[in-house]
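Asker: This one is final_7.txt, compact mmCIF, C-alpha atoms.
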```txt
# COMPACT_ATOMS: atom_id res chain seq x y z
CA MET A 1 161.16 -60.99 45.82
CA THR A 2 163.47 -61.69 42.86
CA ARG A 3 164.28 -59.03 40.35
CA ASP A 4 162.41 -60.90 37.63
CA ALA A 5 159.27 -61.24 39.77
CA ALA A 6 159.42 -57.58 40.73
CA PHE A 7 159.73 -56.59 37.09
CA LYS A 8 156.74 -58.74 36.10
CA ARG A 9 154.72 -57.03 38.82
CA ARG A 10 155.61 -53.63 37.32
CA VAL A 11 154.64 -54.84 33.85
CA ARG A 12 151.22 -55.99 35.04
CA ALA A 13 150.67 -52.73 36.91
CA ARG A 14 151.47 -50.78 33.77
CA MET A 15 149.11 -52.95 31.70
CA ALA A 16 146.30 -52.19 34.13
CA ARG A 17 147.02 -48.47 33.88
CA THR A 18 147.54 -48.14 30.13
CA GLY A 19 145.75 -51.09 28.55
CA GLU A 20 148.90 -52.12 26.67
CA ARG A 21 149.63 -55.70 25.71
CA TYR A 22 152.21 -57.51 27.82
CA ALA A 23 155.04 -57.23 25.29
CA ALA A 24 154.53 -53.50 24.81
CA ALA A 25 154.36 -52.77 28.55
CA ARG A 26 157.41 -54.95 29.21
CA ALA A 27 159.47 -53.22 26.52
CA GLN A 28 158.57 -49.74 27.74
CA LEU A 29 159.73 -50.57 31.25
CA ALA A 30 162.79 -52.47 30.06
CA ASP A 31 163.99 -49.41 28.13
CA ARG A 32 163.97 -47.23 31.23
CA THR A 33 167.31 -46.54 32.86
CA ALA A 34 165.91 -46.15 36.38
CA PRO A 35 163.30 -48.16 38.31
CA GLU A 36 160.01 -46.70 39.38
CA PRO A 37 159.88 -45.73 43.05
CA GLY A 38 159.70 -48.75 45.33
CA ASP A 39 160.41 -51.32 42.61
CA GLU A 40 163.47 -53.38 41.72
CA PRO A 41 165.52 -52.23 38.70
CA ALA A 42 164.99 -53.86 35.33
CA ALA A 43 168.71 -54.35 34.77
CA GLY A 44 168.41 -58.10 35.37
CA ILE A 45 166.58 -58.69 32.10
CA ALA A 46 168.69 -60.57 29.61
CA PRO A 47 169.85 -58.55 26.56
CA GLU A 48 168.14 -60.96 24.19
CA THR A 49 164.84 -60.47 26.04
CA ARG A 50 165.19 -56.69 25.73
CA ALA A 51 165.81 -56.99 21.98
CA GLU A 52 162.82 -59.32 21.56
CA THR A 53 160.40 -57.09 23.44
CA ARG A 54 161.58 -53.93 21.66
CA ALA A 55 160.98 -55.66 18.32
CA GLU A 56 157.50 -56.71 19.44
CA THR A 57 156.76 -53.12 20.53
CA ARG A 58 157.87 -51.75 17.18
CA ASP A 59 155.46 -54.17 15.53
CA ASP A 60 152.69 -53.03 17.89
CA HIS A 61 153.25 -49.43 16.87
CA THR A 62 153.97 -49.79 13.15
CA ARG A 63 152.04 -52.76 11.75
CA ASP A 64 148.75 -51.61 10.23
CA VAL A 65 148.81 -48.41 12.30
CA LEU A 66 147.73 -44.95 11.20
CA HIS A 67 149.41 -42.17 13.17
CA VAL A 68 147.45 -38.89 13.17
CA THR A 69 148.87 -35.64 14.50
CA ASN A 70 148.26 -31.90 14.50
CA GLY A 71 150.37 -30.70 11.58
CA ASP A 72 153.41 -31.07 9.39
CA CYS A 73 156.03 -30.12 11.99
CA ALA A 74 154.93 -32.87 14.36
CA ALA A 75 154.64 -35.31 11.45
CA GLU A 76 158.26 -34.66 10.47
CA VAL A 77 159.46 -35.31 14.03
CA MET A 78 157.47 -38.56 14.05
CA ARG A 79 159.14 -39.68 10.82
CA ALA A 80 162.56 -38.76 12.20
CA ALA A 81 161.73 -40.81 15.30
CA GLY A 82 161.24 -43.91 13.16
CA LEU A 83 157.44 -44.17 13.18
CA THR A 84 156.39 -45.59 9.86
CA GLU A 85 153.83 -44.35 7.40
CA PRO A 86 151.00 -43.69 7.16
CA ILE A 87 151.41 -40.51 9.22
CA LEU A 88 148.51 -38.12 8.70
CA PRO A 89 148.78 -34.40 9.59
CA TRP A 90 145.37 -32.90 10.45
CA ARG A 91 145.55 -29.39 8.98
CA ASP A 92 142.66 -27.20 10.09
CA VAL A 93 142.38 -24.22 12.45
CA LEU A 94 138.98 -25.17 13.80
CA HIS A 95 138.85 -22.38 16.39
CA ASP A 96 138.75 -19.89 13.49
CA GLY A 97 135.82 -19.54 11.12
CA PRO A 98 132.59 -21.46 10.60
CA VAL A 99 132.25 -25.10 11.68
CA PRO A 100 128.47 -25.55 11.47
CA GLY A 101 126.78 -28.78 12.45
CA GLY A 102 124.15 -30.61 10.43
CA LEU A 103 126.33 -30.90 7.31
CA THR A 104 127.71 -33.94 5.57
CA ASP A 105 131.48 -34.41 5.76
CA ALA A 106 131.76 -33.25 2.15
CA GLU A 107 129.70 -30.12 2.84
CA LEU A 108 131.78 -29.27 5.89
CA ARG A 109 135.00 -29.73 3.93
CA ALA A 110 133.71 -27.24 1.38
CA VAL A 111 132.85 -24.69 4.08
CA ARG A 112 136.24 -25.06 5.74
CA ALA A 113 138.09 -24.91 2.42
CA ASP A 114 136.39 -21.65 1.47
CA PHE A 115 137.29 -20.13 4.84
CA ILE A 116 140.89 -21.37 4.95
CA ALA A 117 141.54 -20.28 1.38
CA GLY A 118 140.41 -16.73 2.13
CA GLU A 119 141.68 -14.35 -0.50
CA GLY A 120 145.13 -15.83 -1.04
CA LEU A 121 144.65 -19.56 -1.73
CA ASP A 122 142.78 -21.70 -4.21
CA PRO A 123 139.69 -23.16 -2.48
CA ALA A 124 139.75 -26.18 -4.81
CA SER A 125 143.30 -27.00 -3.76
CA VAL A 126 142.46 -26.68 -0.07
CA ARG A 127 139.34 -28.79 -0.62
CA ALA A 128 141.44 -31.46 -2.33
CA ASP A 129 143.74 -31.59 0.71
CA PHE A 130 140.74 -32.01 3.03
CA ASP A 131 139.26 -34.70 0.76
CA ALA A 132 142.53 -36.64 0.79
CA ARG A 133 142.84 -36.30 4.55
CA ASP A 134 139.37 -37.66 5.27
CA ALA A 135 139.82 -40.42 2.70
CA ALA A 136 143.04 -41.52 4.41
CA LEU A 137 141.27 -41.70 7.77
CA ALA A 138 138.32 -43.62 6.33
CA ALA A 139 140.60 -46.05 4.50
CA HIS A 140 142.14 -47.13 7.77
CA ARG A 141 138.90 -47.96 9.57
CA GLY A 142 139.95 -51.60 9.84
CA GLY A 143 143.34 -50.97 11.49
CA ARG A 144 144.73 -49.29 14.58
CA VAL A 145 144.75 -45.51 14.91
CA VAL A 146 147.09 -43.64 17.25
CA LEU A 147 146.34 -39.97 17.84
CA TRP A 148 149.31 -37.76 18.80
CA PHE A 149 147.99 -34.43 20.06
CA GLU A 150 148.59 -31.69 22.58
CA ALA A 151 146.48 -30.25 25.38
CA ASP A 152 145.64 -26.88 23.80
CA LEU A 153 142.41 -25.74 22.18
CA TYR A 154 143.71 -26.08 18.60
CA ASP A 155 144.55 -29.76 19.14
CA GLN A 156 141.60 -30.75 21.31
CA LEU A 157 139.12 -29.57 18.69
CA GLN A 158 140.93 -31.68 16.11
CA VAL A 159 140.83 -34.69 18.43
CA VAL A 160 137.05 -34.57 18.85
CA GLN A 161 136.52 -34.06 15.11
CA ILE A 162 138.66 -37.10 14.32
CA LEU A 163 136.98 -39.24 16.96
CA ASP A 164 133.55 -38.21 15.70
CA GLN A 165 134.53 -39.28 12.18
CA LEU A 166 135.98 -42.58 13.42
CA HIS A 167 132.81 -43.30 15.38
CA ARG A 168 130.60 -42.69 12.35
CA ALA A 169 132.89 -44.95 10.32
CA GLY A 170 132.18 -47.77 12.78
CA VAL A 171 135.68 -47.92 14.29
CA PRO A 172 135.52 -49.55 17.75
CA PRO A 173 137.17 -47.70 20.66
CA GLU A 174 139.65 -50.53 21.27
CA SER A 175 141.22 -49.80 17.86
CA VAL A 176 142.12 -46.24 18.89
CA SER A 177 144.67 -44.92 21.35
CA LEU A 178 145.77 -41.42 22.31
CA VAL A 179 149.10 -39.82 23.11
CA SER A 180 148.14 -36.53 24.74
CA ALA A 181 150.94 -34.14 25.70
CA GLY A 182 150.20 -31.27 28.06
CA GLU A 183 153.77 -30.68 29.16
CA PHE A 184 157.24 -32.14 28.81
CA PRO A 185 160.06 -32.42 31.37
CA GLY A 186 162.60 -29.65 31.00
CA ILE A 187 160.38 -27.40 28.86
CA ALA A 188 158.92 -24.59 30.95
CA HIS A 189 156.27 -23.45 28.46
CA PHE A 190 155.60 -26.49 26.29
CA GLY A 191 154.64 -25.37 22.81
CA GLY A 192 153.99 -28.62 21.01
CA LEU A 193 155.16 -31.93 19.60
CA GLY A 194 156.97 -30.22 16.76
CA GLU A 195 159.55 -28.73 19.11
CA LEU A 196 160.59 -32.11 20.56
CA ALA A 197 163.63 -34.12 19.55
CA PRO A 198 162.69 -37.48 17.96
CA ALA A 199 163.86 -39.46 21.00
CA ASP A 200 161.85 -37.22 23.32
CA LEU A 201 158.73 -37.68 21.23
CA LEU A 202 159.07 -41.45 21.54
CA ARG A 203 159.19 -41.11 25.32
CA LEU A 204 155.57 -39.94 25.17
CA ARG A 205 154.52 -43.46 24.11
CA ALA A 206 154.88 -44.47 27.74
CA ASP A 207 151.69 -42.49 28.41
CA GLU A 208 149.69 -43.78 25.43
CA LEU A 209 146.14 -44.57 26.53
CA PRO A 210 143.57 -46.80 24.84
CA LEU A 211 140.31 -45.10 24.01
CA THR A 212 137.33 -46.16 26.09
CA ALA A 213 133.68 -46.22 25.12
CA GLU A 214 133.07 -43.42 27.64
CA ALA A 215 135.78 -41.25 26.08
CA PHE A 216 134.33 -41.94 22.62
CA ASP A 217 130.92 -40.76 23.82
CA LEU A 218 132.43 -37.63 25.38
CA ALA A 219 134.26 -36.74 22.15
CA ILE A 220 131.06 -37.13 20.12
CA ALA A 221 129.17 -34.93 22.57
CA ALA A 222 131.98 -32.35 22.49
CA TRP A 223 131.96 -32.17 18.69
CA GLY A 224 128.18 -31.79 18.75
CA ALA A 225 128.40 -28.99 21.31
CA PHE A 226 131.12 -27.20 19.34
CA THR A 227 129.25 -27.32 16.03
CA ALA A 228 125.80 -26.50 17.46
CA PRO A 229 124.21 -23.12 16.61
CA ASP A 230 123.74 -22.53 20.34
CA PRO A 231 126.77 -22.72 22.68
CA GLY A 232 124.76 -23.96 25.65
CA GLY A 233 126.40 -27.39 25.53
CA LEU A 234 129.96 -26.10 25.95
CA ALA A 235 129.63 -25.79 29.73
CA GLU A 236 128.84 -29.47 30.16
CA ILE A 237 132.00 -30.43 28.29
CA ALA A 238 134.02 -27.95 30.35
CA ARG A 239 132.72 -29.66 33.51
CA SER A 240 133.39 -33.19 32.29
CA ALA A 241 136.10 -35.51 33.56
CA SER A 242 137.83 -38.22 31.55
CA PRO A 243 141.11 -40.03 32.28
CA VAL A 244 141.61 -40.40 28.53
CA LEU A 245 140.44 -36.99 27.24
CA ARG A 246 141.76 -35.26 30.33
CA HIS A 247 142.61 -31.97 28.58
CA LEU A 248 139.25 -31.52 26.87
CA PRO A 249 137.44 -29.69 29.72
CA GLU A 250 140.15 -27.05 30.00
CA ALA A 251 140.15 -26.51 26.24
CA PHE A 252 136.38 -25.99 26.13
CA GLY A 253 136.60 -23.61 29.07
CA ARG A 254 139.15 -21.62 27.08
CA LEU A 255 136.89 -21.72 24.01
CA ALA A 256 134.10 -20.00 25.96
CA GLN A 257 136.49 -17.12 26.70
CA GLU A 258 136.67 -16.33 22.99
CA TYR A 259 133.12 -14.99 23.15
CA PRO A 260 132.72 -11.21 23.69
CA ALA A 261 133.07 -10.42 27.39
CA ARG A 262 130.25 -8.73 29.24
CA SER A 263 132.69 -6.14 30.59
CA ASP A 264 134.20 -4.78 27.36
CA GLY A 265 133.01 -6.80 24.34
CA LEU A 266 136.48 -8.28 23.78
CA SER A 267 137.43 -11.91 23.50
CA LEU A 268 140.28 -12.96 25.78
CA THR A 269 142.64 -13.09 22.80
CA GLU A 270 141.64 -9.58 21.71
CA ARG A 271 142.13 -8.26 25.24
CA ARG A 272 145.56 -9.84 25.44
CA ILE A 273 146.50 -8.22 22.13
CA LEU A 274 145.53 -4.79 23.44
CA LEU A 275 147.31 -5.43 26.74
CA ALA A 276 150.46 -6.47 24.88
CA VAL A 277 150.48 -3.21 22.92
CA ASP A 278 149.72 -1.22 26.06
CA GLY A 279 152.62 -3.01 27.77
CA GLY A 280 155.14 -1.96 25.14
CA ALA A 281 154.93 -4.50 22.31
CA GLY A 282 155.51 -2.25 19.32
CA THR A 283 155.27 -4.68 16.40
CA ALA A 284 152.79 -7.33 15.39
CA GLY A 285 155.45 -9.98 15.94
CA ALA A 286 156.14 -8.73 19.46
CA VAL A 287 152.40 -8.73 20.17
CA PHE A 288 152.12 -12.35 19.05
CA ALA A 289 155.06 -13.36 21.26
CA GLU A 290 153.45 -11.70 24.29
CA VAL A 291 150.01 -13.19 23.61
CA ARG A 292 151.61 -16.62 23.33
CA ARG A 293 153.56 -16.08 26.55
CA ARG A 294 150.35 -15.26 28.46
CA GLU A 295 148.56 -18.39 27.22
CA ARG A 296 148.84 -21.38 29.56
CA ARG A 297 148.30 -23.75 26.64
CA PRO A 298 149.48 -21.85 23.54
CA PHE A 299 147.11 -22.56 20.66
CA LEU A 300 147.08 -19.44 18.50
CA GLY A 301 149.34 -19.38 15.45
CA ASP A 302 150.95 -16.19 14.21
CA THR A 303 148.61 -15.96 11.20
CA SER A 304 145.52 -16.15 13.41
CA CYS A 305 146.98 -13.54 15.76
CA PHE A 306 147.83 -11.20 12.89
CA ASP A 307 144.28 -11.61 11.56
CA ARG A 308 142.93 -10.50 14.95
CA ILE A 309 145.25 -7.47 14.95
CA ALA A 310 144.11 -6.55 11.44
CA GLU A 311 140.44 -6.85 12.44
CA LEU A 312 140.93 -4.57 15.44
CA ALA A 313 142.68 -2.05 13.19
CA ALA A 314 140.01 -2.21 10.46
CA ALA A 315 137.02 -1.79 12.81
CA ARG A 316 134.56 1.06 12.39
CA GLN A 317 136.20 2.69 15.39
CA PRO A 318 139.69 1.14 15.28
CA LEU A 319 141.18 -0.07 18.53
CA LEU A 320 144.64 -0.38 16.97
CA ALA A 321 146.65 1.55 14.41
CA VAL A 322 148.93 -0.55 12.19
CA ASP A 323 151.56 1.19 10.04
CA GLY A 324 152.27 0.29 6.44
CA ASP A 325 150.48 -2.06 4.05
CA THR A 326 150.96 -5.53 2.66
CA ALA A 327 153.74 -4.35 0.34
CA ASP A 328 155.87 -3.10 3.24
CA GLY A 329 157.38 -6.44 4.24
CA PRO A 330 156.41 -9.15 6.75
CA TYR A 331 153.36 -8.40 8.84
CA ALA A 332 155.32 -9.30 11.97
CA GLU A 333 157.51 -6.22 11.48
CA ARG A 334 154.66 -3.72 11.19
CA ARG A 335 154.33 -1.15 13.94
CA VAL A 336 151.25 -1.35 16.17
CA ALA A 337 149.80 1.25 18.55
CA LEU A 338 146.65 1.72 20.62
CA THR A 339 144.08 4.25 19.45
CA THR A 340 141.99 6.38 21.78
CA ALA A 341 139.09 3.97 21.31
CA GLY A 342 141.42 1.08 22.10
CA ARG A 343 142.46 2.71 25.36
CA ASP A 344 138.82 3.39 26.26
CA VAL A 345 137.81 -0.23 25.65
CA LEU A 346 140.82 -1.57 27.52
CA ALA A 347 139.99 0.69 30.48
CA GLY A 348 136.36 -0.48 30.49
CA ARG A 349 134.99 2.92 29.43
CA ALA A 350 133.63 1.55 26.14
CA ASP A 351 132.44 -1.76 24.72
CA HIS A 352 134.07 -3.11 21.57
CA ALA A 353 130.97 -5.01 20.43
CA GLU A 354 128.74 -1.98 20.84
CA LEU A 355 131.22 0.32 19.11
CA ASN A 356 132.05 -1.89 16.17
CA GLY A 357 129.64 -4.79 16.05
CA VAL A 358 130.63 -8.44 15.80
CA ASP A 359 130.71 -10.75 12.80
CA ARG A 360 132.47 -13.91 13.88
CA TRP A 361 131.95 -17.65 13.82
CA ILE A 362 132.93 -19.77 16.83
CA GLY A 363 132.27 -23.35 15.81
CA GLY A 364 128.61 -23.52 14.84
CA VAL A 365 127.69 -20.17 16.42
CA HIS A 366 127.56 -17.07 14.24
CA LEU A 367 127.84 -13.93 16.38
CA THR A 368 126.63 -10.75 14.68
CA GLY A 369 125.67 -7.16 15.42
CA THR A 370 126.28 -4.71 18.23
CA HIS A 371 124.38 -6.88 20.69
CA PRO A 372 125.73 -10.42 20.17
CA ALA A 373 123.45 -13.19 21.34
CA TRP A 374 126.03 -14.61 23.75
CA ARG A 375 128.63 -13.08 26.02
CA TYR A 376 131.19 -14.46 28.46
CA ASP A 377 130.79 -13.38 32.08
CA GLU A 378 134.27 -13.24 33.65
CA ARG A 379 132.92 -13.20 37.20
CA LEU A 380 130.71 -16.24 36.76
CA GLU A 381 133.15 -17.84 34.29
CA ARG A 382 130.41 -18.94 31.93
CA LEU A 383 128.49 -17.95 28.83
CA LEU A 384 125.24 -16.04 29.20
CA PRO A 385 122.69 -14.75 26.69
CA GLY A 386 123.70 -11.28 25.53
```
Could you write out this file's structure as structure tokens?
Answerer:
Amino acid sequence: MTRDAAFKRRVRARMARTGERYAAARAQLADRTAPEPGDEPAAGIAPETRAETRAETRDDHTRDVLHVTNGDCAAEVMRAAGLTEPILPWRDVLHDGPVPGGLTDAELRAVRADFIAGEGLDPASVRADFDARDAALAAHRGGRVVLWFEADLYDQLQVVQILDQLHRAGVPPESVSLVSAGEFPGIAHFGGLGELAPADLLRLRADELPLTAEAFDLAIAAWGAFTAPDPGGLAEIARSASPVLRHLPEAFGRLAQEYPARSDGLSLTERRILLAVDGGAGTAGAVFAEVRRRERRPFLGDTSCFDRIAELAAARQPLLAVDGDTADGPYAERRVALTTAGRDVLAGRADHAELNGVDRWIGGVHLTGTHPAWRYDERLERLLPG
């Protein structure tokens, strides 16, 4: 078989796997410096053909395309990599605070803005950012949308929210594609798109997948399960399988572990915070680093981790003692220690929920009181009524 024929065979195989057009698949393979196992090298392609196909691929990825990603750091890398505007960062920590279903988009934006603003930001300003974000997505309903996201819980919740909005806007699945990064060669504990060099980020386009109708349906079901007032639908998403949304089941399995455990009333994040302190992490910053190290798919930002530490320290029977106050410098530098109650809970001699009660939103579920309605059973690895 000639080199040219072998290369065409590889192009068609890639098209079948990714759904790319011929020019895009050909350019991706032409840019590679080594052949795929068992195939002839692409070195025989004429230089002018390489230039032509690369130009066609740039058009495929920049003409009338909205790129959506998980935050400003990733957006800056995308701009440095040469991807053209519009590039839309999706700024919301959906695993924290209320995300109730049954609201209009405007009503949900108001709820999220009030929560994100907290005590230190202007809710109207946050609301304006959310309004502009959703307007930018809606304005592009007639073009292509490429989603650039990671495998962790933070990103996967954003993915299903975006897909739910696109579906309700009437965007067909063939107009959407997904770049989903769970790991990257040479990075042992991949932390996200924002840590990649621009050229490395572009390498991820080789794995871009077109959205299917089945994946669209799964995303809509996942968003409905997440925002429902009852978490019973989370298990079905955690058991699902999708070649496009392949990281979604793991993320929803991790979400269930944020419910109070039957054994000690702690979420998995809270338990890891206590374990970090017990293991020698003496500052809030060191605790965050250890919690992040223990997470297979790091999703928790430092602010969210520090909020958890502060909640454990402010409980009726504190599980942690934190030195200083907000005027004493960065929270990351504040000293943290276990209390007697914290040691008892960590050892299984006491239950955090029963000692201190719970008042926490997880998606559309509002957990309250000393006997929360739902708990996570570590042995059965599923949620059960409290």
Asker: Extract, using only C-alpha atoms, all DNA, RNA and protein residues at most 8 Å from stretch 300-313 of chain A, discarding same-chain residues fewer than 2 positions from it, and format them as a VMD selection string.
Answerer: chain A and resid 96 154 270 273 284 to 285 288 292 298 315 318 to 322 331 to 332
Asker: Could you write out that same residue set with C-alpha atoms as an mmCIF file, in the coordinates of the input?
Answerer:
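Once everything was written out, this is again.cif:
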```cif
data_model
loop_
_atom_site.group_PDB
_atom_site.id
_atom_site.type_symbol
_atom_site.label_atom_id
_atom_site.label_comp_id
_atom_site.auth_asym_id
_atom_site.auth_seq_id
_atom_site.Cartn_x
_atom_site.Cartn_y
_atom_site.Cartn_z
ATOM 1 C CA ASP A 96 138.750 -19.890 13.490
ATOM 2 C CA TYR A 154 143.710 -26.080 18.600
ATOM 3 C CA GLU A 270 141.640 -9.580 21.710
ATOM 4 C CA ILE A 273 146.500 -8.220 22.130
ATOM 5 C CA ALA A 284 152.790 -7.330 15.390
ATOM 6 C CA GLY A 285 155.450 -9.980 15.940
ATOM 7 C CA PHE A 288 152.120 -12.350 19.050
ATOM 8 C CA ARG A 292 151.610 -16.620 23.330
ATOM 9 C CA PRO A 298 149.480 -21.850 23.540
ATOM 10 C CA ALA A 315 137.020 -1.790 12.810
ATOM 11 C CA PRO A 318 139.690 1.140 15.280
ATOM 12 C CA LEU A 319 141.180 -0.070 18.530
ATOM 13 C CA LEU A 320 144.640 -0.380 16.970
ATOM 14 C CA ALA A 321 146.650 1.550 14.410
ATOM 15 C CA VAL A 322 148.930 -0.550 12.190
ATOM 16 C CA TYR A 331 153.360 -8.400 8.840
ATOM 17 C CA ALA A 332 155.320 -9.300 11.970
#
```
Asker: Between A:Gly357, A:Gly191, A:Gly101, A:Pro372, single out the one closest to A:Leu384, counting all atoms listed in the file.
Answerer: A:Pro372
Asker: Can you tell me how far atom CA of A:Val291 sits from atom CA of A:Thr269, in Å to one decimal?
Answerer: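 Rounded to one decimal, the two atoms are 7.4 Å apart.
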Asker: Go ahead and compute the interatomic distance for atom CA of A:Trp361 and atom CA of A:Leu255, in Å to one decimal.
Answerer: 12.0 Å
Asker: Find the distance between atom CA of A:Ala74 and atom CA of A:Arg144 and write it in Å to one decimal.
Answerer: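 Separation between atom CA of A:Ala74 and atom CA of A:Arg144: 19.3 Å.
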Asker: Within 12 Å of stretch 165-173 of chain A, counting all atoms listed in the file, which residues qualify if same-chain residues fewer than 3 places away don't, as a PyMOL selection string?
Answerer: chain A and resi 104-105+133-147+158-162+176-178+209-221+223-224+244
Asker: Nearest to A:Gly192 among A:Arg379, A:Arg334, A:His352, A:Arg297, with distances taken over only C-alpha atoms: which residue is it?
Answerer: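 Nearest to A:Gly192: A:Arg297.
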Asker: For A:Arg271, which of A:Ala106, A:Leu83, A:Val345, A:Leu355 is the closest residue, counting all atoms listed in the file?
Answerer: A:Val345
Asker: I'd like the neighbourhood of A:Val179 as a ChimeraX atom specification, where a residue qualifies if any of its atoms comes within 7 Å (using only C-alpha atoms), though same-chain residues fewer than 5 positions away should be ignored.
Answerer: /A:147-149,204-205,207-209
Asker: Write out as a PyMOL selection string the residues lying within 7 Å of stretch 87-91 of chain A, counting all atoms listed in the file and excluding same-chain residues fewer than 6 positions away.
Answerer: chain A and resi 66-72+75
Asker: Kindly provide, as a list in words, the polymer residues lying within 10 Å of (128.1, -17.3, 13.8), counting all atoms listed in the file and using the coordinates exactly as they appear in the file.
Answerer: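 Residues with an atom at most 10 Å from (128.1, -17.3, 13.8): Gly97, Pro98, Val99, Pro100, Pro229, Asp230, Val358, Asp359, Arg360, Trp361, Ile362, Gly363, Gly364, Val365, His366, Leu367, Thr368, Pro372 and Ala373 of chain A.
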Asker: Compile the contact shell of A:Pro385 as a ChimeraX atom specification: residues with an atom at most 12 Å away, counting all atoms listed in the file, same-chain residues fewer than 4 positions apart removed.
Answerer: /A:230-232,259-262,367,371-377
Asker: Put those residues in a file: C-alpha atoms, as a PDB file, keeping the file's coordinate frame.
Answerer:
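Written file, result.pdb:
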```
ATOM      1  CA  ASP A 230     123.740 -22.530  20.340  1.00  0.00           C
ATOM      2  CA  PRO A 231     126.770 -22.720  22.680  1.00  0.00           C
ATOM      3  CA  GLY A 232     124.760 -23.960  25.650  1.00  0.00           C
ATOM      4  CA  TYR A 259     133.120 -14.990  23.150  1.00  0.00           C
ATOM      5  CA  PRO A 260     132.720 -11.210  23.690  1.00  0.00           C
ATOM      6  CA  ALA A 261     133.070 -10.420  27.390  1.00  0.00           C
ATOM      7  CA  ARG A 262     130.250  -8.730  29.240  1.00  0.00           C
ATOM      8  CA  LEU A 367     127.840 -13.930  16.380  1.00  0.00           C
ATOM      9  CA  HIS A 371     124.380  -6.880  20.690  1.00  0.00           C
ATOM     10  CA  PRO A 372     125.730 -10.420  20.170  1.00  0.00           C
ATOM     11  CA  ALA A 373     123.450 -13.190  21.340  1.00  0.00           C
ATOM     12  CA  TRP A 374     126.030 -14.610  23.750  1.00  0.00           C
ATOM     13  CA  ARG A 375     128.630 -13.080  26.020  1.00  0.00           C
ATOM     14  CA  TYR A 376     131.190 -14.460  28.460  1.00  0.00           C
ATOM     15  CA  ASP A 377     130.790 -13.380  32.080  1.00  0.00           C
TER      16      ASP A 377
END
```
